Each structure stands twice: as structure tokens, then as C-alpha cells.
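**Q** Dropping in entry-v3.txt, which is compact mmCIF, C-alpha atoms:
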# COMPACT_ATOMS: atom_id res chain seq x y z
CA MET A 1 -0.86 11.12 42.23
CA MET A 2 -0.21 10.61 38.54
CA LYS A 3 0.21 13.57 36.26
CA ARG A 4 -2.80 14.05 34.00
CA LYS A 5 -0.68 13.60 30.88
CA THR A 6 0.75 10.31 32.14
CA LYS A 7 -2.74 9.14 33.04
CA ARG A 8 -4.03 9.94 29.55
CA LEU A 9 -1.07 8.08 28.06
CA TRP A 10 -1.85 4.94 30.06
CA ILE A 11 -5.54 5.10 29.20
CA ILE A 12 -4.63 5.23 25.49
CA VAL A 13 -2.09 2.39 25.85
CA ALA A 14 -4.68 0.25 27.66
CA CYS A 15 -7.36 0.97 25.05
CA MET A 16 -4.99 0.17 22.18
CA ILE A 17 -3.88 -3.12 23.78
CA GLY A 18 -7.50 -4.14 24.33
CA LEU A 19 -8.53 -3.20 20.84
CA GLY A 20 -5.46 -4.87 19.34
CA LEU A 21 -6.21 -8.12 21.16
CA ALA A 22 -9.85 -8.05 20.08
CA LEU A 23 -8.88 -7.44 16.47
CA THR A 24 -6.24 -10.20 16.54
CA LEU A 25 -8.84 -12.65 17.82
CA ILE A 26 -11.36 -11.59 15.18
CA LEU A 27 -8.83 -11.83 12.36
CA SER A 28 -7.54 -15.23 13.44
CA ALA A 29 -11.10 -16.52 13.80
CA PHE A 30 -12.02 -15.37 10.30
CA SER A 31 -8.64 -16.25 8.82
CA SER A 32 -10.02 -19.05 6.64
CA ASN A 33 -12.51 -16.61 5.10
CA LEU A 34 -9.90 -13.96 4.44
CA VAL A 35 -7.93 -16.07 1.99
CA TYR A 36 -8.65 -15.11 -1.59
CA PHE A 37 -8.23 -18.54 -3.15
CA LYS A 38 -8.04 -22.21 -2.28
CA ALA A 39 -5.25 -24.56 -3.29
CA PRO A 40 -6.02 -27.67 -5.39
CA SER A 41 -5.26 -30.00 -2.44
CA GLN A 42 -7.75 -28.10 -0.23
CA ILE A 43 -10.44 -28.36 -2.88
CA ILE A 44 -9.88 -32.08 -3.42
CA ASN A 45 -9.65 -32.90 0.30
CA HIS A 46 -12.65 -30.79 1.26
CA PRO A 47 -15.08 -30.92 -1.66
CA THR A 48 -17.79 -28.28 -1.61
CA ASP A 49 -21.22 -27.94 -3.12
CA GLN A 50 -21.19 -27.84 -6.94
CA ASN A 51 -23.28 -24.68 -7.02
CA HIS A 52 -20.81 -22.91 -4.82
CA ILE A 53 -18.52 -20.49 -6.66
CA ILE A 54 -14.93 -20.99 -5.54
CA ARG A 55 -11.60 -19.44 -6.39
CA LEU A 56 -8.91 -21.96 -7.20
CA GLY A 57 -5.29 -20.83 -7.14
CA GLY A 58 -2.14 -22.63 -8.19
CA MET A 59 0.60 -22.99 -10.74
CA VAL A 60 -0.14 -24.02 -14.31
CA ILE A 61 1.58 -27.38 -14.85
CA ASN A 62 4.13 -27.43 -17.64
CA GLY A 63 2.84 -29.23 -20.71
CA SER A 64 -0.75 -29.39 -19.49
CA VAL A 65 -2.12 -26.49 -21.55
CA ARG A 66 -4.30 -27.44 -24.50
CA HIS A 67 -5.92 -24.81 -26.72
CA SER A 68 -9.00 -25.47 -28.81
CA HIS A 69 -11.81 -23.59 -30.52
CA GLN A 70 -15.55 -23.75 -30.38
CA GLY A 71 -16.50 -21.77 -33.47
CA GLN A 72 -14.89 -18.39 -32.92
CA THR A 73 -14.53 -18.76 -29.17
CA PRO A 74 -11.14 -19.87 -27.87
CA MET A 75 -11.16 -22.64 -25.27
CA ILE A 76 -8.36 -23.65 -22.98
CA GLN A 77 -7.75 -26.66 -20.78
CA PHE A 78 -4.94 -26.88 -18.27
CA GLN A 79 -4.01 -28.26 -14.87
CA VAL A 80 -3.12 -26.25 -11.80
CA THR A 81 -1.15 -27.60 -8.87
CA ASP A 82 0.02 -26.59 -5.42
CA GLY A 83 2.65 -29.32 -5.40
CA GLN A 84 0.38 -31.80 -3.64
CA ALA A 85 -2.59 -32.18 -5.94
CA ALA A 86 -3.64 -31.11 -9.40
CA VAL A 87 -7.00 -29.98 -10.74
CA GLU A 88 -8.07 -29.90 -14.38
CA VAL A 89 -9.47 -26.49 -15.37
CA HIS A 90 -11.64 -25.76 -18.41
CA PHE A 91 -12.20 -22.19 -19.53
CA THR A 92 -13.92 -20.60 -22.50
CA GLY A 93 -12.63 -17.14 -23.34
CA VAL A 94 -9.45 -15.12 -23.51
CA VAL A 95 -6.84 -15.61 -20.78
CA PRO A 96 -4.73 -12.67 -19.47
CA ASP A 97 -1.42 -11.89 -21.23
CA LEU A 98 0.61 -13.19 -18.32
CA PHE A 99 -1.00 -16.63 -18.52
CA ARG A 100 1.61 -19.27 -19.28
CA GLU A 101 2.93 -22.59 -18.08
CA GLY A 102 4.69 -22.15 -14.74
CA GLN A 103 2.66 -19.05 -13.90
CA SER A 104 0.43 -18.80 -10.87
CA VAL A 105 -3.20 -18.30 -11.83
CA ILE A 106 -6.53 -17.98 -10.07
CA ALA A 107 -9.56 -19.63 -11.64
CA ILE A 108 -13.01 -18.51 -10.51
CA GLY A 109 -15.78 -21.00 -11.10
CA ARG A 110 -17.36 -24.27 -10.01
CA MET A 111 -16.10 -27.79 -9.42
CA LYS A 112 -17.97 -30.37 -11.49
CA SER A 113 -18.57 -33.91 -10.31
CA ASP A 114 -15.90 -35.45 -12.55
CA ASN A 115 -13.21 -33.36 -10.80
CA VAL A 116 -13.09 -30.84 -13.61
CA PHE A 117 -13.12 -27.20 -12.61
CA ILE A 118 -15.24 -25.06 -14.93
CA ALA A 119 -13.88 -21.53 -14.73
CA ASN A 120 -15.80 -18.44 -15.80
CA GLU A 121 -12.84 -16.16 -15.14
CA ILE A 122 -9.07 -16.61 -15.15
CA LEU A 123 -6.76 -14.16 -13.36
CA ALA A 124 -2.99 -14.22 -13.68
CA LYS A 125 -0.99 -13.79 -10.51
CA HIS A 126 2.55 -12.53 -10.81
CA ASP A 127 5.37 -12.80 -8.32
CA GLU A 128 7.25 -10.00 -6.58
CA THR A 129 10.34 -10.35 -8.78
CA TYR A 130 11.08 -7.63 -11.29
CA MET A 131 13.96 -8.08 -13.68
CA PRO A 132 14.94 -6.95 -17.18
CA LYS A 133 14.66 -9.36 -20.06
CA ASP A 134 18.44 -9.80 -20.37
CA VAL A 135 18.71 -10.91 -16.74
CA ALA A 136 15.85 -13.37 -17.26
CA ASP A 137 17.50 -14.65 -20.46
CA ALA A 138 20.84 -15.05 -18.70
CA LEU A 139 19.17 -17.01 -15.91
CA LYS A 140 17.41 -19.22 -18.44
CA ARG A 141 20.65 -19.78 -20.38
CA SER A 142 22.42 -20.80 -17.18
CA GLY A 143 20.07 -23.77 -17.14
CA LYS A 144 19.32 -23.33 -13.45
CA TRP A 145 15.90 -21.77 -13.91
CA ASP A 146 13.12 -22.58 -16.32
CA PRO A 147 10.07 -20.28 -16.11
CA ARG A 148 7.86 -23.20 -17.11
CA TYR A 149 8.54 -24.84 -13.75
CA GLY A 150 8.05 -21.93 -11.39
CA PRO A 151 8.96 -18.44 -10.23
CA PRO A 152 12.49 -16.96 -10.60
CA PRO A 153 15.18 -17.67 -7.99
CA ASP A 154 16.14 -15.36 -5.14
CA SER A 155 17.71 -12.14 -6.46
CA ALA A 156 20.76 -12.58 -4.20
CA ARG A 157 21.73 -15.59 -6.32
CA TRP A 158 21.30 -13.98 -9.76
CA ASN A 159 24.89 -12.85 -10.17
CA HIS A 160 26.26 -16.14 -8.96
CA MET A 161 23.94 -18.13 -11.23
CA THR A 162 24.59 -16.17 -14.41
CA LYS A 163 28.36 -16.13 -13.99
CA PRO A 164 29.88 -18.24 -16.79
CA GLU A 165 31.47 -21.38 -15.35
CA LYS A 166 35.04 -21.96 -16.35
CA MET B 1 -1.55 45.46 14.80
CA THR B 2 2.14 44.89 15.53
CA GLU B 3 1.53 45.45 19.22
CA LEU B 4 -1.13 42.78 19.18
CA LYS B 5 1.20 40.42 17.38
CA GLN B 6 3.90 40.98 19.95
CA GLU B 7 1.40 40.50 22.72
CA MET B 8 0.36 37.18 21.22
CA ALA B 9 3.94 36.06 20.78
CA THR B 10 4.77 36.78 24.40
CA THR B 11 1.79 34.82 25.68
CA LEU B 12 3.42 31.65 24.40
CA PRO B 13 6.49 30.69 26.41
CA ALA B 14 9.69 30.52 24.39
CA LYS B 15 11.53 27.37 25.36
CA SER B 16 14.92 26.16 24.35
CA GLY B 17 15.73 23.02 22.41
CA PHE B 18 13.36 21.06 20.27
CA THR B 19 10.21 22.10 22.14
CA ARG B 20 10.83 25.59 20.79
CA PHE B 21 9.37 24.46 17.47
CA ALA B 22 6.22 23.33 19.23
CA ASN B 23 5.41 27.02 19.42
CA PRO B 24 3.43 27.69 16.22
CA LYS B 25 5.31 30.95 15.63
CA ASN B 26 8.75 29.35 15.75
CA PHE B 27 7.42 26.42 13.75
CA SER B 28 6.19 28.86 11.10
CA LYS B 29 9.63 30.42 10.91
CA LEU B 30 11.28 27.02 10.55
CA VAL B 31 8.83 25.97 7.84
CA ASN B 32 9.43 29.20 5.95
CA THR B 33 13.13 28.40 5.63
CA LEU B 34 12.83 24.64 5.04
CA GLN B 35 9.78 24.36 2.79
CA PRO B 36 11.26 25.90 -0.42
CA TRP B 37 14.24 23.53 -0.21
CA ILE B 38 12.04 20.49 0.36
CA THR B 39 9.87 21.52 -2.58
CA LEU B 40 12.92 21.96 -4.82
CA LEU B 41 14.41 18.61 -3.78
CA ALA B 42 11.04 16.90 -4.33
CA PHE B 43 10.87 18.38 -7.82
CA ILE B 44 14.42 17.22 -8.66
CA PHE B 45 13.94 13.70 -7.30
CA ILE B 46 10.55 13.20 -9.00
CA THR B 47 11.88 14.49 -12.33
CA ILE B 48 14.93 12.20 -12.22
CA GLY B 49 12.89 9.22 -10.99
CA VAL B 50 10.04 9.58 -13.47
CA VAL B 51 12.20 10.31 -16.52
CA TRP B 52 14.58 7.47 -15.61
CA GLY B 53 11.72 5.11 -14.90
CA LEU B 54 9.66 5.91 -17.98
CA PHE B 55 12.38 6.27 -20.60
CA PHE B 56 15.66 4.71 -19.49
CA SER B 57 15.00 1.80 -17.14
CA PRO B 58 14.52 -1.61 -18.76
CA SER B 59 11.09 -3.19 -19.03
CA ASP B 60 10.25 -6.30 -17.02
CA TRP B 61 10.86 -9.71 -18.62
CA GLN B 62 7.24 -10.78 -18.32
CA GLN B 63 5.23 -7.63 -17.59
CA GLY B 64 6.89 -5.57 -20.33
CA ASP B 65 6.34 -1.82 -20.17
CA SER B 66 3.32 -2.17 -17.86
CA VAL B 67 5.79 -2.49 -15.00
CA ARG B 68 6.54 1.23 -15.27
CA ILE B 69 3.33 2.11 -13.43
CA MET B 70 5.15 0.71 -10.40
CA TYR B 71 7.22 3.92 -10.26
CA VAL B 72 4.15 5.83 -9.14
CA HIS B 73 2.03 3.07 -7.60
CA VAL B 74 4.58 1.87 -5.04
CA PRO B 75 5.51 5.37 -3.70
CA PHE B 76 1.79 6.21 -3.46
CA ALA B 77 1.13 2.99 -1.53
CA MET B 78 4.00 3.66 0.89
CA LEU B 79 2.85 7.25 1.42
CA ALA B 80 -0.75 6.20 1.96
CA SER B 81 0.35 4.12 4.96
CA GLY B 82 3.05 6.59 6.02
CA GLY B 83 0.62 9.49 5.92
CA TYR B 84 -1.83 7.62 8.13
CA PHE B 85 0.97 6.84 10.58
CA ALA B 86 1.73 10.58 10.74
CA LEU B 87 -1.97 11.17 11.37
CA ALA B 88 -1.85 8.73 14.28
CA VAL B 89 1.25 10.41 15.76
CA CYS B 90 -0.61 13.74 15.55
CA GLY B 91 -3.59 12.09 17.23
CA LEU B 92 -1.39 10.83 20.06
CA CYS B 93 0.19 14.29 20.58
CA SER B 94 -3.26 15.82 20.54
CA LEU B 95 -4.80 13.39 23.05
CA ILE B 96 -1.93 13.26 25.52
CA TRP B 97 -0.28 16.68 25.31
CA ARG B 98 -3.28 18.56 23.88
CA HIS B 99 -0.93 20.12 21.38
CA PRO B 100 -2.62 22.67 19.09
CA LEU B 101 -0.07 22.20 16.31
CA ALA B 102 -0.80 18.46 16.22
CA ASP B 103 -4.49 19.20 15.63
CA LEU B 104 -3.73 21.64 12.82
CA ALA B 105 -1.29 19.14 11.26
CA ALA B 106 -3.87 16.32 11.46
CA ALA B 107 -6.40 18.52 9.70
CA GLU B 108 -3.92 19.16 6.87
CA ILE B 109 -2.42 15.65 6.51
CA GLY B 110 -5.85 14.02 6.17
CA PRO B 111 -6.90 15.32 2.74
CA VAL B 112 -3.39 14.89 1.25
CA GLY B 113 -3.27 11.30 2.55
CA ALA B 114 -6.74 10.55 1.22
CA ALA B 115 -5.78 11.88 -2.20
CA ILE B 116 -2.61 9.78 -2.35
CA THR B 117 -4.52 6.66 -1.20
CA ALA B 118 -7.06 7.26 -3.96
CA LEU B 119 -4.18 7.60 -6.46
CA CYS B 120 -2.66 4.37 -5.11
CA LEU B 121 -5.97 2.53 -5.64
CA ILE B 122 -6.47 4.02 -9.12
CA THR B 123 -2.93 3.31 -10.37
CA GLY B 124 -3.16 -0.19 -8.88
CA SER B 125 -6.39 -0.76 -10.74
CA ILE B 126 -4.88 0.47 -14.02
CA TRP B 127 -1.95 -1.90 -13.46
CA GLY B 128 -4.21 -4.80 -12.47
CA LYS B 129 -6.34 -4.80 -15.61
CA PRO B 130 -3.60 -5.65 -18.16
CA MET B 131 -1.57 -7.90 -15.80
CA TRP B 132 -4.03 -9.79 -13.61
CA GLY B 133 -6.95 -9.44 -15.99
CA THR B 134 -9.18 -7.53 -13.58
CA TRP B 135 -9.62 -3.97 -12.31
CA TRP B 136 -10.47 -5.04 -8.79
CA VAL B 137 -10.74 -8.10 -6.55
CA TRP B 138 -11.75 -8.32 -2.91
CA ASP B 139 -8.51 -9.84 -1.70
CA ALA B 140 -7.02 -8.90 1.68
CA ARG B 141 -4.47 -6.39 0.36
CA LEU B 142 -6.80 -4.42 -1.89
CA THR B 143 -9.63 -4.44 0.63
CA SER B 144 -7.43 -3.29 3.53
CA VAL B 145 -6.14 -0.36 1.45
CA LEU B 146 -9.72 0.55 0.54
CA VAL B 147 -10.50 0.49 4.29
CA LEU B 148 -7.55 2.87 4.78
CA PHE B 149 -9.08 5.22 2.21
CA PHE B 150 -12.39 5.18 4.10
CA LEU B 151 -10.53 5.79 7.38
CA TYR B 152 -9.00 8.90 5.82
CA LEU B 153 -12.43 10.06 4.62
CA GLY B 154 -13.88 9.40 8.09
CA HIS B 155 -11.06 11.36 9.70
CA ILE B 156 -11.56 14.32 7.36
CA THR B 157 -15.30 14.37 8.04
CA LEU B 158 -15.15 13.76 11.79
CA LEU B 159 -12.56 16.48 12.33
CA ARG B 160 -14.89 19.06 10.77
CA ALA B 161 -18.18 17.65 12.06
CA PHE B 162 -18.49 19.69 15.27
CA ASP B 163 -19.30 23.35 15.85
CA GLU B 164 -16.65 23.35 18.52
CA PRO B 165 -13.34 22.54 16.74
CA GLN B 166 -11.76 20.99 19.86
CA LYS B 167 -14.40 18.26 19.93
CA GLY B 168 -13.71 17.46 16.29
CA TYR B 169 -9.96 17.30 16.90
CA ARG B 170 -10.48 14.94 19.85
CA ALA B 171 -12.82 12.60 17.96
CA ALA B 172 -10.59 12.57 14.85
CA ALA B 173 -7.51 11.83 17.00
CA ILE B 174 -9.24 8.78 18.48
CA LEU B 175 -10.25 7.58 15.01
CA ALA B 176 -6.66 8.07 13.77
CA LEU B 177 -5.33 5.92 16.63
CA VAL B 178 -7.93 3.18 16.18
CA GLY B 179 -7.27 3.18 12.43
CA THR B 180 -3.57 2.39 12.88
CA PHE B 181 -4.53 -1.26 13.31
CA ASP B 182 -5.20 -1.28 9.58
CA LEU B 183 -1.52 -0.50 8.84
CA PRO B 184 -0.04 -3.87 9.96
CA ILE B 185 -3.00 -5.59 8.27
CA ILE B 186 -2.11 -3.85 4.98
CA LYS B 187 1.59 -4.64 5.40
CA PHE B 188 1.19 -8.32 6.29
CA SER B 189 -2.02 -9.11 4.36
CA VAL B 190 0.06 -10.59 1.55
CA GLN B 191 1.85 -12.91 4.00
CA TRP B 192 -0.95 -13.89 6.37
CA TRP B 193 -3.51 -14.77 3.71
CA ASN B 194 -3.16 -15.74 0.10
CA THR B 195 -4.04 -12.84 -2.16
CA LEU B 196 -4.04 -11.95 -5.84
CA HIS B 197 -1.64 -9.12 -5.01
CA GLN B 198 1.96 -10.31 -5.00
CA PRO B 199 3.99 -10.22 -1.76
CA SER B 200 6.35 -7.37 -1.01
CA SER B 201 9.58 -7.23 -3.01
CA PHE B 202 11.37 -5.82 0.02
CA SER B 203 12.30 -7.51 3.26
CA LEU B 204 14.75 -6.91 6.04
CA THR B 205 16.51 -10.22 5.66
CA HIS B 206 16.68 -10.64 1.87
CA ALA B 207 18.00 -8.65 -1.04
CA PRO B 208 15.15 -6.83 -2.80
CA ALA B 209 13.57 -9.00 -5.51
CA ILE B 210 13.92 -6.12 -7.97
CA ALA B 211 16.84 -5.85 -10.37
CA LEU B 212 18.96 -2.74 -9.70
CA PRO B 213 18.19 -0.90 -13.00
CA ILE B 214 14.49 -1.06 -12.04
CA LEU B 215 15.09 -0.45 -8.33
CA TRP B 216 17.06 2.81 -8.68
CA PRO B 217 14.38 4.92 -10.38
CA LEU B 218 11.89 3.48 -7.88
CA ILE B 219 14.03 4.73 -4.99
CA PHE B 220 14.26 8.19 -6.57
CA CYS B 221 10.50 8.30 -7.12
CA THR B 222 9.80 7.15 -3.56
CA ILE B 223 12.06 9.82 -2.03
CA GLY B 224 10.70 12.45 -4.43
CA PHE B 225 7.03 11.75 -3.75
CA ALA B 226 7.68 11.54 0.01
CA LEU B 227 9.33 14.98 -0.08
CA ALA B 228 6.45 16.32 -2.19
CA PHE B 229 3.98 14.94 0.37
CA ILE B 230 5.87 16.69 3.18
CA ALA B 231 6.10 19.93 1.17
CA ILE B 232 2.36 19.97 0.39
CA VAL B 233 1.49 19.28 4.05
CA LEU B 234 3.88 22.05 5.21
CA ILE B 235 2.42 24.59 2.78
CA ARG B 236 -1.11 23.72 3.91
CA LEU B 237 -0.05 23.80 7.56
CA GLN B 238 1.57 27.20 7.10
CA ALA B 239 -1.64 28.54 5.59
CA ALA B 240 -3.65 27.01 8.45
CA ILE B 241 -1.42 28.63 11.09
CA LEU B 242 -1.75 32.03 9.37
CA GLU B 243 -5.51 31.60 9.15
CA HIS B 244 -5.56 30.75 12.84
CA HIS B 245 -3.54 33.89 13.66
CA ILE B 246 -5.77 36.11 11.55
CA ARG B 247 -8.90 34.74 13.22
CA HIS B 248 -7.30 35.39 16.62
CA LEU B 249 -6.37 38.93 15.66
CA PHE B 250 -9.95 39.64 14.62
CA ILE B 251 -11.22 38.33 17.95
CA VAL B 252 -8.69 40.47 19.84
CA MET B 253 -9.54 43.55 17.75
CA GLU B 254 -13.30 43.13 18.28
CA LYS B 255 -12.71 43.20 22.01
Show the structure stored in the file as C-alpha cells.
**A**
Amino acid sequence: MMKRKTKRLWIIVACMIGLGLALTLILSAFSSNLVYFKAPSQIINHPTDQNHIIRLGGMVINGSVRHSHQGQTPMIQFQVTDGQAAVEVHFTGVVPDLFREGQSVIAIGRMKSDNVFIANEILAKHDETYMPKDVADALKRSGKWDPRYGPPPDSARWNHMTKPEK
Amino acid sequence: MTELKQEMATTLPAKSGFTRFANPKNFSKLVNTLQPWITLLAFIFITIGVVWGLFFSPSDWQQGDSVRIMYVHVPFAMLASGGYFALAVCGLCSLIWRHPLADLAAAEIGPVGAAITALCLITGSIWGKPMWGTWWVWDARLTSVLVLFFLYLGHITLLRAFDEPQKGYRAAAILALVGTFDLPIIKFSVQWWNTLHQPSSFSLTHAPAIALPILWPLIFCTIGFALAFIAIVLIRLQAAILEHHIRHLFIVMEK
């Protein structure tokens, strides 16, 4: 005969395992709906309805940003990439401060027929690296990292990278 | 009165070792000695962390001074999850061992955890507007933390929803256990699905992706706010135990 406490423990363990399994199955089944944005290659390979609002995420390609004006309203054109494909994005309005070449951004809008993405909102995504300006400058000076081409290197390599070579 | 007190104290068996503190009276005594020190340490750590973080640590190369909100946002986020984990441990002790102290603790952790989760969401929102360009998005990380906030609210309500407190404690304990599934979802949401929220800067296998002059004040703030969380819960718990005793004394006196 099991002690009542032990019995209660096993009931809880069994319930938690069952619930955990159910939740894992649900989450993996809905996994494609839980992603916040789609990469350019996904959007090009699986085109969706033009009326469908989608979120496109990727890195702004260096040299692709073109600013223009329509009266007083600023307009911006740029390309985002996930390394496999690139999509041209057009946006009318003010972009977030963090927007720059080499930065990850999320564009919310519609895909037009001529493979141009018309965004009604641009969000800037930042990476998990936090460093003072002098560290960033030292990394840039070392010539081994250019923010226009992507996120900063692994922090474990900072010291090694910024050490002056003799 | 004192006779009654002594009578009550003798009804609870005094055991040796760690289980001694499971007796609310001994626990009260322990809290009385520890709590002022925890409060003092929390005050010192928060002061050092916040002053260091706001005035002396360098600003981030691309986020500028906005990064300083991290010194409160990150500790709040950690405590929101940590507080819920504590709630679940209380729930487990309540369901398996029927421990009265676990029920009282769960009742006191809930509101503090809910408040800190709300602060985490608010500070995150204030940080998100200038950096991302939006107050809120429905990505996996933000949504799962909002779910955590609702779990806290549900726990607070459920625990107090019954005329018979024991029923409320039981129901809330079950909710606390079920809700723990949200904790790994919060933690890994930024790895499993793509989100607007950046991934964690900390991992077991890599050096933290935060430069040391920014990391140090963050560590101080995290320890400080964690101690403050513990101190607030202990003060509330102490009051709850006293309230419990007083109610018992009244019942005994009426008889």
C-alpha cells in the first residue's frame, strides 16, 4: 500500500507529463503560426495572396537604401535579405532610429505582383549584444567587423580582435 | 493569552533539522532575524546597481542611453519567471504535503509576482517604442509573458474565490503547477520561433554578449531586486502568519 503523500506525488507527476506532452504537440503543430515574421526566401518560394498582410524580416542589404521625398513625406526603398533571397521594400514614413544598413528589420505590409513589398510599418530588430561605443569603434577599426554587413562578433573574441597586431 | 499561545505552540510538534522551520512559529522567528538583513542588502545592491547603471556605465554603441532601461527591465523579467516558479514549488508542497505555510506563501507571492510582471511588461514597452518603433507586438516572447501575467492574476483570484480557504489553496496550487509550462515557453520562445524580441544575451556555453562595464551594474541590479522581492514576500508572509494566529486566538477565546 502506497503512502497517501507518495500517491499524490505520482498523480501530479502523471498529470504534468500528460499535460506537457499535449502542450508540446500543440506547440509543434502550430509552430509555423507562432513565428512573428517570414524570411525573404520563404516569401518568394511560397507566394501568398496580395491582400494578405505579412511580416517580412531580414537584414537590410548594404548599399541598397535609397531615400526620397514625396512632398513633405519621406520615402525609403531598400532590400532585405536572409542570405538566400532578397526582397525590395518600399515604405512611406519615418523609420525607427535603429534602422540602418546591416540591421535586422521587420516590414509589415503586402507583397505586390512585381515582387515589391509595400510596407505600412517598419520595425527595427536589435541583437542581444550590448557594448560601449569605444568597444564597437575598436572592433570596427580592427577591420574584422563592419556593422553594415551584419551583427557584431561573439563577445569572447572581442579582446582578441581588438588587440593591436605587432 | 500567553497560556493560549503556549498551548498553540505545543500542539505543533517541534522537530529537529530543517523541518523545524516548517513550523510557522519557528519560521516566524527565523524571518524576524533574517528579514532586516535581506532588506538592507537589497537596498545597498539596488542603490549601487541603479546609480552605477544610470550615471557611470557607458551607453550602448547603437541604442545609446535607451539601453539603461535594461537595468530594471531584465531583473523584472527574471523575477517574473522566478516568482512564478516559487509559486509552483509552493503549489507542489501544498498538494503533496498539505503544508499550511506553502499556502500562505503562495497567497503572498502571487500579488508581488503579478506586480513585477506588470512592471516588466511596462518597462519593456517603454524600451520598445524608441528602439523597435512600437509599444507592443504579438510575438512569442511578449505574448508568453503577457500569458504569465494573466496566470498570476488567475492565481490571485482563484486563491481567494472560495468561502472555504482550503478549496481556494488547492485550486490555486493546481493552476500554479499547470502554469509552469509557460516558463520554458517564455525562456525558449526567442530560440524556437523568430520574434521581434532579441534572443537572450546569456547562455551556459558562451560568454555573455554584454560588455563587462554594462554587465556589472546589471548583475548588481538583478541581485538587489531579487533580494527586495524576497524581503517583500517575507514581510507579507510574516503579517499573514500573525493574522492567522490572531484569528486562531479569537476562535479559541470565543470557545
**Q** If the cut-off is 7 Å, can you tell me the residues of chain B near chain A, counting all atoms listed in the file? I'd like them as a ChimeraX atom specification.
**A** /B:58-61,96-97,131-133,139-140,193-196,198-201,207-211
**Q** Which polymer residues, protein or nucleic acid, are no farther than 12 Å from (-6.5, -0.5, -9.8), counting only C-alpha atoms, as a PyMOL selection string?
**A** chain B and resi 69-70+73+77+117-138+141-143+145-146+197
**Q** Could you state the separation of atom CA of B:Val89 and atom CA of B:Glu108 in Å, given to one decimal place?
**A**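 Computed distance, atom CA of B:Val89 to atom CA of B:Glu108, equals 13.5 Å.
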**Q** What does the structure give for the distance between atom CA of B:Ala176 and atom CA of B:Ile223, in Å to one decimal?
**A**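 About the pair atom CA of B:Ala176 and atom CA of B:Ile223: they are 24.6 Å apart.
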**Q** Please list as a PyMOL selection string every residue within 12 Å of B:Trp37, counting all atoms listed in the file and excluding residues in the same chain fewer than 5 positions away.
**A** chain B and resi 30-32+42-44+227-228+230-231+234
**Q** Got a sec: who's within 9 Å of B:Phe85, counting only C-alpha atoms, leaving out chain neighbours fewer than 6 positions off, as a PyMOL selection string?
**A** chain B and resi 176-177+180+183
**Q** Separation of atom CA of A:Ala119 and atom CA of A:Val87, in Å?
**A** 11.6 Å
**Q** Taking (-11.5, -34.8, -3.9) in the coordinates of the supplied file, I want to know which residues reach to within 10 Å of it, counting only C-alpha atoms; could you give the answer as a ChimeraX atom specification?
**A** /A:40-48,85,87,113-115
**Q** Near A:Gly63, counting all atoms listed in the file, which residues have an atom at most 9 Å away, once you skip same-chain residues fewer than 5 positions from it, shown as a PyMOL selection string?
**A** chain A and resi 78+101+148
**Q** What's around B:Leu159 at 10 Å? Count only C-alpha atoms, leave out sequence neighbours fewer than 3 positions away in its own chain, and write the answer as a PyMOL selection string.
**A** chain B and resi 103+106-107+110+154-156+162+165-173+175
**Q** What's around A:Ile61 at 6 Å? Count only C-alpha atoms, leave out sequence neighbours fewer than 3 positions away in its own chain, and write the answer as a PyMOL selection string.
**A** chain A and resi 64+79-80+101
